[in-house]
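What follows is the content of work35.cif (mmCIF, C-alpha atoms).
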```
data_protein
loop_
_atom_site.label_atom_id
_atom_site.label_comp_id
_atom_site.auth_asym_id
_atom_site.auth_seq_id
_atom_site.Cartn_x
_atom_site.Cartn_y
_atom_site.Cartn_z
CA MET A 1 97.62 89.22 121.42
CA ASN A 2 100.81 91.15 121.94
CA LEU A 3 103.25 90.81 119.03
CA ASN A 4 106.11 90.99 121.51
CA ASP A 5 104.94 87.63 122.86
CA HIS A 6 105.34 86.01 119.43
CA PRO A 7 108.19 87.78 117.64
CA GLN A 8 108.42 85.21 114.84
CA GLN A 9 104.93 86.26 113.73
CA ALA A 10 105.53 90.01 114.05
CA SER A 11 106.81 90.63 110.54
CA GLN A 12 103.73 88.93 109.08
CA GLN A 13 101.16 90.56 111.33
CA GLU A 14 102.20 94.18 111.69
CA GLY A 15 102.57 96.61 108.85
CA LEU A 16 104.02 100.02 108.11
CA THR A 17 101.38 102.74 108.23
CA ILE A 18 102.05 105.93 106.28
CA ALA A 19 99.42 108.65 105.76
CA GLY A 20 96.68 106.35 107.01
CA LYS A 21 97.48 103.40 104.72
CA THR A 22 99.15 100.21 105.97
CA TYR A 23 101.72 98.34 103.90
CA ARG A 24 102.86 94.77 104.52
CA SER A 25 106.54 95.42 103.83
CA ARG A 26 108.85 97.79 105.67
CA LEU A 27 111.30 97.72 102.78
CA LEU A 28 110.90 100.41 100.12
CA VAL A 29 112.90 100.12 96.91
CA GLY A 30 113.98 102.33 94.04
CA SER A 31 113.55 101.68 90.33
CA GLY A 32 116.78 103.07 88.85
CA LYS A 33 120.27 101.78 88.00
CA TYR A 34 119.17 98.33 86.82
CA ARG A 35 120.46 96.81 83.60
CA ASP A 36 116.95 96.72 82.17
CA LEU A 37 113.29 96.84 83.19
CA GLU A 38 113.05 93.05 83.45
CA GLU A 39 115.84 92.89 86.03
CA MET A 40 114.13 95.69 87.93
CA ARG A 41 110.84 93.81 87.88
CA LEU A 42 112.36 90.59 89.18
CA ALA A 43 114.34 92.35 91.91
CA THR A 44 111.28 94.30 93.02
CA GLU A 45 109.29 91.09 93.30
CA ALA A 46 112.08 89.41 95.27
CA SER A 47 112.24 92.36 97.69
CA GLY A 48 108.62 91.95 98.70
CA ALA A 49 108.28 95.74 98.65
CA ASP A 50 104.88 97.40 98.31
CA ILE A 51 106.25 100.92 97.66
CA ILE A 52 108.52 101.68 94.70
CA THR A 53 110.06 105.12 94.38
CA VAL A 54 110.45 106.65 90.93
CA ALA A 55 112.61 109.60 89.87
CA ILE A 56 110.20 111.67 87.80
CA ARG A 57 113.01 113.58 86.09
CA ARG A 58 114.74 110.38 84.93
CA VAL A 59 112.11 107.69 84.43
CA ASN A 60 109.21 107.62 82.02
CA ILE A 61 105.81 107.06 83.63
CA GLY A 62 103.88 108.55 80.73
CA GLN A 63 105.75 111.75 79.94
CA ASP A 64 106.98 110.18 76.67
CA PRO A 65 104.32 108.00 75.01
CA ASN A 66 106.92 106.64 72.57
CA ALA A 67 109.30 105.29 75.24
CA PRO A 68 108.98 102.21 77.51
CA ASN A 69 106.74 103.02 80.46
CA LEU A 70 107.88 101.92 83.92
CA LEU A 71 104.26 101.51 84.98
CA ASP A 72 103.89 98.63 82.52
CA VAL A 73 106.47 96.72 84.58
CA VAL A 74 105.48 97.79 88.11
CA PRO A 75 101.78 98.63 87.70
CA PRO A 76 100.02 100.91 90.22
CA SER A 77 97.42 98.17 90.62
CA LYS A 78 100.08 96.05 92.34
CA TYR A 79 102.49 98.60 93.84
CA THR A 80 102.27 102.04 95.40
CA ILE A 81 104.33 104.33 93.18
CA LEU A 82 106.26 106.93 95.18
CA PRO A 83 107.36 109.76 92.85
CA ASN A 84 110.49 111.53 94.01
CA THR A 85 112.34 114.72 93.15
CA ALA A 86 115.84 113.28 92.59
CA GLY A 87 117.91 115.81 90.65
CA CYS A 88 116.20 118.87 92.13
CA TYR A 89 118.39 121.50 93.82
CA ASN A 90 115.78 124.06 94.87
CA ALA A 91 112.27 124.13 96.27
CA LYS A 92 110.66 125.53 93.12
CA ASP A 93 111.86 122.67 90.90
CA ALA A 94 110.90 120.07 93.50
CA VAL A 95 107.37 121.40 93.86
CA TYR A 96 106.88 121.60 90.08
CA THR A 97 108.17 118.03 89.62
CA LEU A 98 105.74 116.57 92.14
CA GLN A 99 102.83 118.56 90.74
CA LEU A 100 103.65 117.02 87.36
CA ALA A 101 103.77 113.58 88.96
CA ARG A 102 100.34 114.12 90.49
CA GLU A 103 98.94 114.85 87.04
CA LEU A 104 100.61 111.80 85.49
CA LEU A 105 99.40 109.54 88.32
CA HIS A 106 95.82 110.85 88.32
CA GLY A 107 95.84 112.78 91.59
CA HIS A 108 98.30 110.59 93.53
CA LYS A 109 99.17 112.33 96.84
CA LEU A 110 101.97 110.29 98.40
CA VAL A 111 105.37 111.64 97.33
CA LYS A 112 109.02 111.64 98.33
CA LEU A 113 110.63 115.06 98.57
CA GLU A 114 114.38 115.45 98.22
CA VAL A 115 116.15 118.72 97.53
CA LEU A 116 119.87 118.25 97.06
CA GLY A 117 122.63 120.61 98.11
CA ASP A 118 125.29 119.78 95.53
CA GLU A 119 126.17 117.21 92.88
CA LYS A 120 129.19 115.81 94.74
CA THR A 121 127.72 114.78 98.09
CA LEU A 122 124.00 114.75 97.22
CA PHE A 123 123.50 115.92 100.80
CA PRO A 124 120.07 117.45 101.47
CA ASN A 125 119.67 121.21 101.22
CA MET A 126 117.60 121.62 104.35
CA PRO A 127 116.48 125.28 103.96
CA GLU A 128 115.09 124.49 100.49
CA THR A 129 113.69 121.18 101.72
CA LEU A 130 111.75 122.91 104.49
CA LYS A 131 110.46 125.52 102.04
CA ALA A 132 109.29 122.87 99.56
CA ALA A 133 107.71 120.77 102.30
CA GLU A 134 105.59 123.70 103.47
CA THR A 135 104.35 124.37 99.94
CA LEU A 136 103.58 120.72 99.18
CA VAL A 137 101.76 120.05 102.45
CA ALA A 138 99.65 123.18 101.90
CA ASP A 139 98.89 121.88 98.39
CA GLY A 140 97.48 118.63 99.75
CA PHE A 141 100.40 116.26 99.26
CA ASP A 142 101.36 113.51 101.70
CA VAL A 143 105.08 114.22 101.95
CA MET A 144 107.78 111.73 102.87
CA VAL A 145 111.01 113.67 103.04
CA TYR A 146 114.71 112.89 102.62
CA CYS A 147 116.59 114.88 105.23
CA SER A 148 119.78 115.21 107.23
CA ASP A 149 120.17 113.23 110.45
CA ASP A 150 119.60 116.40 112.47
CA PRO A 151 116.88 115.86 115.12
CA ILE A 152 115.93 119.56 115.08
CA GLN A 153 115.34 119.61 111.33
CA ALA A 154 113.45 116.32 111.51
CA LYS A 155 111.11 117.73 114.16
CA MET A 156 110.53 120.85 112.05
CA LEU A 157 109.49 118.67 109.11
CA GLU A 158 107.08 116.77 111.35
CA GLN A 159 105.60 120.03 112.61
CA ILE A 160 105.09 121.23 109.03
CA GLY A 161 102.92 118.17 108.46
CA CYS A 162 105.13 115.68 106.64
CA VAL A 163 103.92 112.07 106.94
CA ALA A 164 107.41 110.51 107.31
CA VAL A 165 110.99 111.66 107.75
CA MET A 166 113.79 109.85 105.95
CA PRO A 167 117.21 110.74 107.36
CA LEU A 168 120.25 109.55 105.46
CA ALA A 169 122.40 106.82 106.99
CA SER A 170 125.34 107.99 104.89
CA LEU A 171 125.81 109.55 101.45
CA ILE A 172 123.47 108.45 98.66
CA GLY A 173 124.86 105.43 96.83
CA SER A 174 127.93 105.23 99.07
CA GLY A 175 127.14 101.88 100.68
CA MET A 176 128.89 103.10 103.83
CA GLY A 177 126.08 101.99 106.13
CA ILE A 178 124.86 103.77 109.25
CA LEU A 179 127.53 106.26 110.29
CA ASN A 180 125.66 108.04 113.08
CA PRO A 181 123.30 105.68 114.93
CA TRP A 182 123.07 108.13 117.85
CA ASN A 183 121.43 110.85 115.76
CA LEU A 184 119.05 108.34 114.23
CA SER A 185 118.11 107.15 117.71
CA LEU A 186 117.36 110.73 118.78
CA ILE A 187 115.11 111.25 115.75
CA ILE A 188 113.30 107.95 116.38
CA GLU A 189 112.78 108.77 120.07
CA GLN A 190 111.16 112.15 119.39
CA SER A 191 109.10 111.34 116.30
CA THR A 192 105.39 110.60 116.18
CA ILE A 193 105.54 109.88 112.43
CA PRO A 194 107.42 107.03 110.73
CA VAL A 195 111.21 107.30 110.50
CA LEU A 196 112.81 105.48 107.57
CA VAL A 197 116.50 105.27 106.79
CA ASP A 198 117.13 106.60 103.29
CA ALA A 199 120.52 106.46 101.54
CA GLY A 200 123.80 104.77 102.38
CA VAL A 201 122.71 101.18 102.98
CA GLY A 202 125.21 98.82 101.37
CA THR A 203 124.33 95.31 102.49
CA ALA A 204 121.84 93.30 104.50
CA SER A 205 123.49 93.91 107.87
CA ASP A 206 123.07 97.69 107.39
CA ALA A 207 119.33 97.23 106.88
CA ALA A 208 119.08 94.97 109.93
CA ILE A 209 120.92 97.51 112.11
CA ALA A 210 118.58 100.29 111.01
CA MET A 211 115.58 98.21 112.00
CA GLU A 212 117.16 97.13 115.30
CA LEU A 213 117.60 100.80 116.17
CA GLY A 214 113.84 101.18 115.88
CA CYS A 215 113.46 102.63 112.38
CA ASP A 216 110.04 102.02 110.88
CA GLY A 217 111.47 101.08 107.51
CA VAL A 218 114.34 101.32 105.05
CA LEU A 219 114.46 102.71 101.53
CA MET A 220 117.22 101.61 99.16
CA ASN A 221 118.12 101.44 95.48
CA THR A 222 121.85 101.23 94.76
CA ALA A 223 122.49 98.47 97.32
CA ILE A 224 120.18 96.19 95.34
CA ALA A 225 120.56 97.43 91.76
CA GLY A 226 124.35 97.69 92.04
CA ALA A 227 124.88 94.21 93.49
CA HIS A 228 126.41 91.44 91.36
CA ASP A 229 123.12 89.58 91.74
CA PRO A 230 120.38 92.16 92.33
CA ILE A 231 117.60 89.58 92.67
CA ARG A 232 119.42 87.64 95.38
CA MET A 233 120.37 90.88 97.15
CA ALA A 234 116.75 92.05 97.06
CA ARG A 235 115.73 88.85 98.80
CA ALA A 236 118.51 89.28 101.36
CA MET A 237 117.36 92.83 102.09
CA ARG A 238 113.78 91.67 102.60
CA LEU A 239 114.90 89.08 105.13
CA ALA A 240 117.25 91.55 106.86
CA VAL A 241 114.50 94.11 107.36
CA GLU A 242 112.18 91.45 108.75
CA ALA A 243 114.88 90.05 111.06
CA GLY A 244 115.90 93.50 112.28
CA ARG A 245 112.30 94.40 113.06
CA ASP A 246 111.73 91.17 114.96
CA ALA A 247 114.95 91.69 116.93
CA TYR A 248 113.81 95.20 117.86
CA LEU A 249 110.42 93.93 119.01
CA ALA A 250 111.99 91.04 120.91
CA GLY A 251 114.30 93.36 122.88
CA ARG A 252 117.99 92.59 122.88
CA ILE A 253 119.97 91.73 126.00
CA PRO A 254 122.02 94.57 127.51
CA LYS A 255 125.72 94.79 126.74
CA ARG A 256 127.88 93.87 129.73
CA PHE A 257 131.56 94.03 130.55
CA ALA A 258 131.40 90.66 132.33
CA ALA A 259 130.53 87.15 131.20
CA SER A 260 127.13 85.71 132.02
CA PRO A 261 126.93 81.89 131.68
CA SER A 262 124.17 80.49 129.52
CA SER A 263 123.70 77.60 131.97
CA PRO A 264 122.93 78.65 135.59
CA MET A 265 125.34 77.48 138.28
CA ALA A 266 122.63 77.02 140.90
CA GLY A 267 121.00 73.61 141.12
CA ARG A 268 123.80 71.67 139.40
CA VAL A 269 123.47 67.89 139.44
CA ILE A 270 127.25 67.41 139.91
#
```

Could you write out this structure as structure tokens?
Amino acid sequence: MNLNDHPQQASQQEGLTIAGKTYRSRLLVGSGKYRDLEEMRLATEASGADIITVAIRRVNIGQDPNAPNLLDVVPPSKYTILPNTAGCYNAKDAVYTLQLARELLHGHKLVKLEVLGDEKTLFPNMPETLKAAETLVADGFDVMVYCSDDPIQAKMLEQIGCVAVMPLASLIGSGMGILNPWNLSLIIEQSTIPVLVDAGVGTASDAAIAMELGCDGVLMNTAIAGAHDPIRMARAMRLAVEAGRDAYLAGRIPKRFAASPSSPMAGRVI
């Protein structure tokens, strides 16, 4: 059966495959910025996400045995933990951080690489990102990578051996939505690995647009954690990602400069 023939079933039947493993949800969520761990747990459940990204430099997953452990709230038995390198500004620090995460998570290979350029924009430092990606791939990691929306850089990351590219929609935490859909479309068209929008999503319509463009998934944190009602927003984001994916699979009508009546004129009774 072709999923395009039954779009309402597509979200339930097809999954997101990364590094050989298939996940039910195409929505990935972060674990920071919540009021407390209980709110984070409830929002994560409402999102339906299978993959939860964790900032190793900011969140305790066992580094401090005397502090609350995030893994007690979102256990690896239920979720895939995606350690990330938020707060790293060079390749050396990023590589060290993910090597530490691998030790803490008993050999876990799937990671999110992000090397930032400055503290104001949090824009990716692509030369350092490429350098870190090469080292991590050679060291056996499955690397998902936060990057600029530059198709050339995205292709270079794919050629290095990264398992997914994650171009920003707009600045991290800005909520400005997708500012350059044309570049995202170019990256999607050329890529043979998953493309996920990372950073800048502000509300459900942003997530739906990303999926309608053909993105394989969306990663977000601030849009959910910073909402007045994070649990309700997490549910909205889940539905938006599913709706956007179904719309993409269904195939939208072309945009026209002329009206096209819903009811045909030919064969009228009167």

Kindly resolve the PyMOL selection byres ((chain A and resi 196) around 6) on the present coordinates and return the residues as number ranges by chain. A: 166, 195, 197, 215-218

Show me a table, sorted first by chain and then by increasing residue number, of the residues of stretch 19-128 of chain A having an atom at most 10 Å from stretch 219-235 of chain A, each with its shortest atom pair and the distance in Å to one decimal, counting all atoms listed in the file and written as a Markdown table.
```
| residue | atom | partner | partner_atom | distance |
| --- | --- | --- | --- | --- |
| A:Arg26 | CA | A:Leu219 | CA | 8.5 |
| A:Leu27 | CA | A:Leu219 | CA | 6.0 |
| A:Leu28 | CA | A:Leu219 | CA | 4.5 |
| A:Val29 | CA | A:Met220 | CA | 5.1 |
| A:Gly30 | CA | A:Asn221 | CA | 4.5 |
| A:Ser31 | CA | A:Asn221 | CA | 6.9 |
| A:Gly32 | CA | A:Asn221 | CA | 7.0 |
| A:Lys33 | CA | A:Ala225 | CA | 5.8 |
| A:Tyr34 | CA | A:Ala225 | CA | 5.2 |
| A:Arg35 | CA | A:Ala225 | CA | 8.2 |
| A:Glu39 | CA | A:Ile231 | CA | 7.6 |
| A:Met40 | CA | A:Ala225 | CA | 7.7 |
| A:Arg41 | CA | A:Ile231 | CA | 9.3 |
| A:Leu42 | CA | A:Ile231 | CA | 6.4 |
| A:Ala43 | CA | A:Ile231 | CA | 4.3 |
| A:Thr44 | CA | A:Ala234 | CA | 7.2 |
| A:Glu45 | CA | A:Ala234 | CA | 8.4 |
| A:Ala46 | CA | A:Arg235 | CA | 5.1 |
| A:Ser47 | CA | A:Ala234 | CA | 4.6 |
| A:Gly48 | CA | A:Arg235 | CA | 7.8 |
| A:Ala49 | CA | A:Ala234 | CA | 9.4 |
| A:Ile51 | CA | A:Leu219 | CA | 9.3 |
| A:Ile52 | CA | A:Leu219 | CA | 9.1 |
| A:Thr53 | CA | A:Leu219 | CA | 8.7 |
```

Please produce a file of those selected residues containing C-alpha atoms, as a PDB file, keeping the file's coordinate frame.
```
ATOM      1  CA  ARG A  26     108.850  97.790 105.670  1.00  0.00           C
ATOM      2  CA  LEU A  27     111.300  97.720 102.780  1.00  0.00           C
ATOM      3  CA  LEU A  28     110.900 100.410 100.120  1.00  0.00           C
ATOM      4  CA  VAL A  29     112.900 100.120  96.910  1.00  0.00           C
ATOM      5  CA  GLY A  30     113.980 102.330  94.040  1.00  0.00           C
ATOM      6  CA  SER A  31     113.550 101.680  90.330  1.00  0.00           C
ATOM      7  CA  GLY A  32     116.780 103.070  88.850  1.00  0.00           C
ATOM      8  CA  LYS A  33     120.270 101.780  88.000  1.00  0.00           C
ATOM      9  CA  TYR A  34     119.170  98.330  86.820  1.00  0.00           C
ATOM     10  CA  ARG A  35     120.460  96.810  83.600  1.00  0.00           C
ATOM     11  CA  GLU A  39     115.840  92.890  86.030  1.00  0.00           C
ATOM     12  CA  MET A  40     114.130  95.690  87.930  1.00  0.00           C
ATOM     13  CA  ARG A  41     110.840  93.810  87.880  1.00  0.00           C
ATOM     14  CA  LEU A  42     112.360  90.590  89.180  1.00  0.00           C
ATOM     15  CA  ALA A  43     114.340  92.350  91.910  1.00  0.00           C
ATOM     16  CA  THR A  44     111.280  94.300  93.020  1.00  0.00           C
ATOM     17  CA  GLU A  45     109.290  91.090  93.300  1.00  0.00           C
ATOM     18  CA  ALA A  46     112.080  89.410  95.270  1.00  0.00           C
ATOM     19  CA  SER A  47     112.240  92.360  97.690  1.00  0.00           C
ATOM     20  CA  GLY A  48     108.620  91.950  98.700  1.00  0.00           C
ATOM     21  CA  ALA A  49     108.280  95.740  98.650  1.00  0.00           C
ATOM     22  CA  ILE A  51     106.250 100.920  97.660  1.00  0.00           C
ATOM     23  CA  ILE A  52     108.520 101.680  94.700  1.00  0.00           C
ATOM     24  CA  THR A  53     110.060 105.120  94.380  1.00  0.00           C
TER      25      THR A  53
END
```

What do you get, as a list of chain:residue names, if you spell out every residue that the PyMOL selection byres ((chain A and resi 168) around 10) selects here?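 Output from the PyMOL selection byres ((chain A and resi 168) around 10), applied to this file: A:Phe123, A:Pro124, A:Tyr146, A:Cys147, A:Ser148, A:Asp149, A:Asp150, A:Val165, A:Met166, A:Pro167, A:Ala169, A:Ser170, A:Leu171, A:Ile172, A:Gly177, A:Ile178, A:Leu179, A:Asn180, A:Leu184, A:Leu196, A:Val197, A:Asp198, A:Ala199, A:Gly200, A:Val201, A:Leu219.
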
Of the candidates A:Ala207, A:Leu136, A:Cys88, A:Leu104, which one gets nearest to A:Asp64 if we count all atoms listed in the file?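 Among A:Ala207, A:Leu136, A:Cys88, A:Leu104, it is A:Leu104 that comes nearest to A:Asp64.
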
Once the PyMOL selection byres ((chain A and resi 130) around 9) has been evaluated on this model, what residues remain selected, and can you format them as number ranges by chain? A: 91, 125-129, 131-135, 153, 156-157, 160

Go through A:Val111, A:Val241, A:Cys162, A:Leu186 one by one, measure the shortest atom-to-atom distance of each to A:Ala204 using only C-alpha atoms, and give the residue with the smallest value.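 Nearest candidate to A:Ala204 out of A:Val111, A:Val241, A:Cys162, A:Leu186: A:Val241.
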
Two-atom distance - atom CA of A:Gly20, atom CA of A:Asp246 (Å):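 According to the coordinates, atom CA of A:Gly20 and atom CA of A:Asp246 are separated by 22.8 Å.
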
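Shortest atom-to-atom contact with A:Met176 among A:Tyr96, A:Thr203, A:Lys21, A:Ala243: A:Thr203, counting all atoms listed in the file.
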
Just the number, please: distance in Å from atom CA of A:Gly173 to atom CA of A:Leu239, one decimal.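 Pair atom CA of A:Gly173 / atom CA of A:Leu239 returns 20.9 Å.
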
Which is closer to A:Ile188 than all the others in A:Val73, A:Ile152, A:Val59, A:Ile81, using only C-alpha atoms?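 Among A:Val73, A:Ile152, A:Val59, A:Ile81, it is A:Ile152 that comes nearest to A:Ile188.
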
Need the neighbours of (119.5, 100.2, 115.4): which residues are at most 10 Å away, counting all atoms listed in the file, as a list in words?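 Taken together, the residues in range are Ile178, Pro181, Trp182, Leu184, Ser185, Ile188, Asp206, Ala207, Ala208, Ile209, Ala210, Met211, Glu212, Leu213, Gly214, Cys215, Gly244, Arg245, Ala247 and Tyr248 of chain A.
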
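You will find atom CA of A:Lys109 at 27.3 Å from atom CA of A:Glu242.
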
With 6 Å of padding per side, what axis-aligned box (centre and edge lengths, Å, one decimal) covers all the listed atoms of stretch 45-64 of chain A? Give it as lines of an AutoDock Vina configuration file.
```
center_x = 109.3
center_y = 101.5
center_z = 87.7
size_x = 22.9
size_y = 36.2
size_z = 34.0
```

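In terms of minimum interatomic distance to A:Ala55, A:Ala101 ranks closest within A:Met237, A:Leu37, A:Ala67, A:Ala101, counting only C-alpha atoms.
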
Please determine, counting all atoms listed in the file, which residue among A:Asn60, A:Thr22, A:Gln190, A:Ser174 has the shortest atom-to-atom distance to A:Lys120.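 Of all the options, A:Ser174 lies closest to A:Lys120.
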
Step by step: start from the point (123.3, 123.1, 94.1) in the file's coordinates, keep every protein, DNA or RNA residue that has an atom no farther than 8 Å from it, count only C-alpha atoms, and write the set as a list in words.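 Protein and nucleic acid residues near the point are Tyr89, Asn90, Leu116, Gly117, Asp118 and Glu119 of chain A.
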
How would stretch 151-167 of chain A look with N, CA, C and O atoms restored, written as a tab-separated table (two decimals), in the coordinates of the input?
```tsv
chain	number	residue	atom	x	y	z
A	151	PRO	N	118.17	115.99	114.44
A	151	PRO	CA	116.88	115.86	115.12
A	151	PRO	C	116.04	117.13	115.08
A	151	PRO	O	114.80	117.05	115.03
A	152	ILE	N	116.69	118.30	115.10
A	152	ILE	CA	115.93	119.56	115.08
A	152	ILE	C	115.22	119.74	113.75
A	152	ILE	O	114.04	120.08	113.69
A	153	GLN	N	115.94	119.49	112.66
A	153	GLN	CA	115.34	119.61	111.33
A	153	GLN	C	114.23	118.58	111.13
A	153	GLN	O	113.18	118.87	110.55
A	154	ALA	N	114.46	117.36	111.64
A	154	ALA	CA	113.45	116.32	111.51
A	154	ALA	C	112.16	116.71	112.24
A	154	ALA	O	111.06	116.49	111.73
A	155	LYS	N	112.30	117.29	113.41
A	155	LYS	CA	111.11	117.73	114.16
A	155	LYS	C	110.40	118.86	113.44
A	155	LYS	O	109.16	118.91	113.40
A	156	MET	N	111.15	119.76	112.82
A	156	MET	CA	110.53	120.85	112.05
A	156	MET	C	109.71	120.30	110.89
A	156	MET	O	108.60	120.78	110.60
A	157	LEU	N	110.22	119.29	110.22
A	157	LEU	CA	109.49	118.67	109.11
A	157	LEU	C	108.21	118.01	109.61
A	157	LEU	O	107.15	118.08	108.96
A	158	GLU	N	108.28	117.37	110.77
A	158	GLU	CA	107.08	116.77	111.35
A	158	GLU	C	106.06	117.84	111.68
A	158	GLU	O	104.85	117.68	111.41
A	159	GLN	N	106.51	118.95	112.25
A	159	GLN	CA	105.60	120.03	112.61
A	159	GLN	C	104.96	120.68	111.39
A	159	GLN	O	103.83	121.17	111.47
A	160	ILE	N	105.67	120.70	110.27
A	160	ILE	CA	105.09	121.23	109.03
A	160	ILE	C	103.92	120.37	108.57
A	160	ILE	O	102.96	120.87	107.99
A	161	GLY	N	103.99	119.07	108.85
A	161	GLY	CA	102.92	118.17	108.46
A	161	GLY	C	103.34	117.04	107.55
A	161	GLY	O	102.49	116.36	106.96
A	162	CYS	N	104.65	116.80	107.44
A	162	CYS	CA	105.13	115.68	106.64
A	162	CYS	C	104.67	114.36	107.27
A	162	CYS	O	104.52	114.27	108.49
A	163	VAL	N	104.46	113.34	106.44
A	163	VAL	CA	103.92	112.07	106.94
A	163	VAL	C	105.02	111.08	107.31
A	163	VAL	O	104.75	110.05	107.94
A	164	ALA	N	106.27	111.35	106.92
A	164	ALA	CA	107.41	110.51	107.31
A	164	ALA	C	108.69	111.30	107.09
A	164	ALA	O	108.78	112.10	106.15
A	165	VAL	N	109.67	111.08	107.96
A	165	VAL	CA	110.99	111.66	107.75
A	165	VAL	C	111.95	110.54	107.39
A	165	VAL	O	111.84	109.42	107.91
A	166	MET	N	112.91	110.87	106.50
A	166	MET	CA	113.79	109.85	105.95
A	166	MET	C	115.24	110.32	106.02
A	166	MET	O	115.84	110.73	105.02
A	167	PRO	N	115.82	110.28	107.22
A	167	PRO	CA	117.21	110.74	107.36
A	167	PRO	C	118.18	109.79	106.68
A	167	PRO	O	117.98	108.58	106.65
```
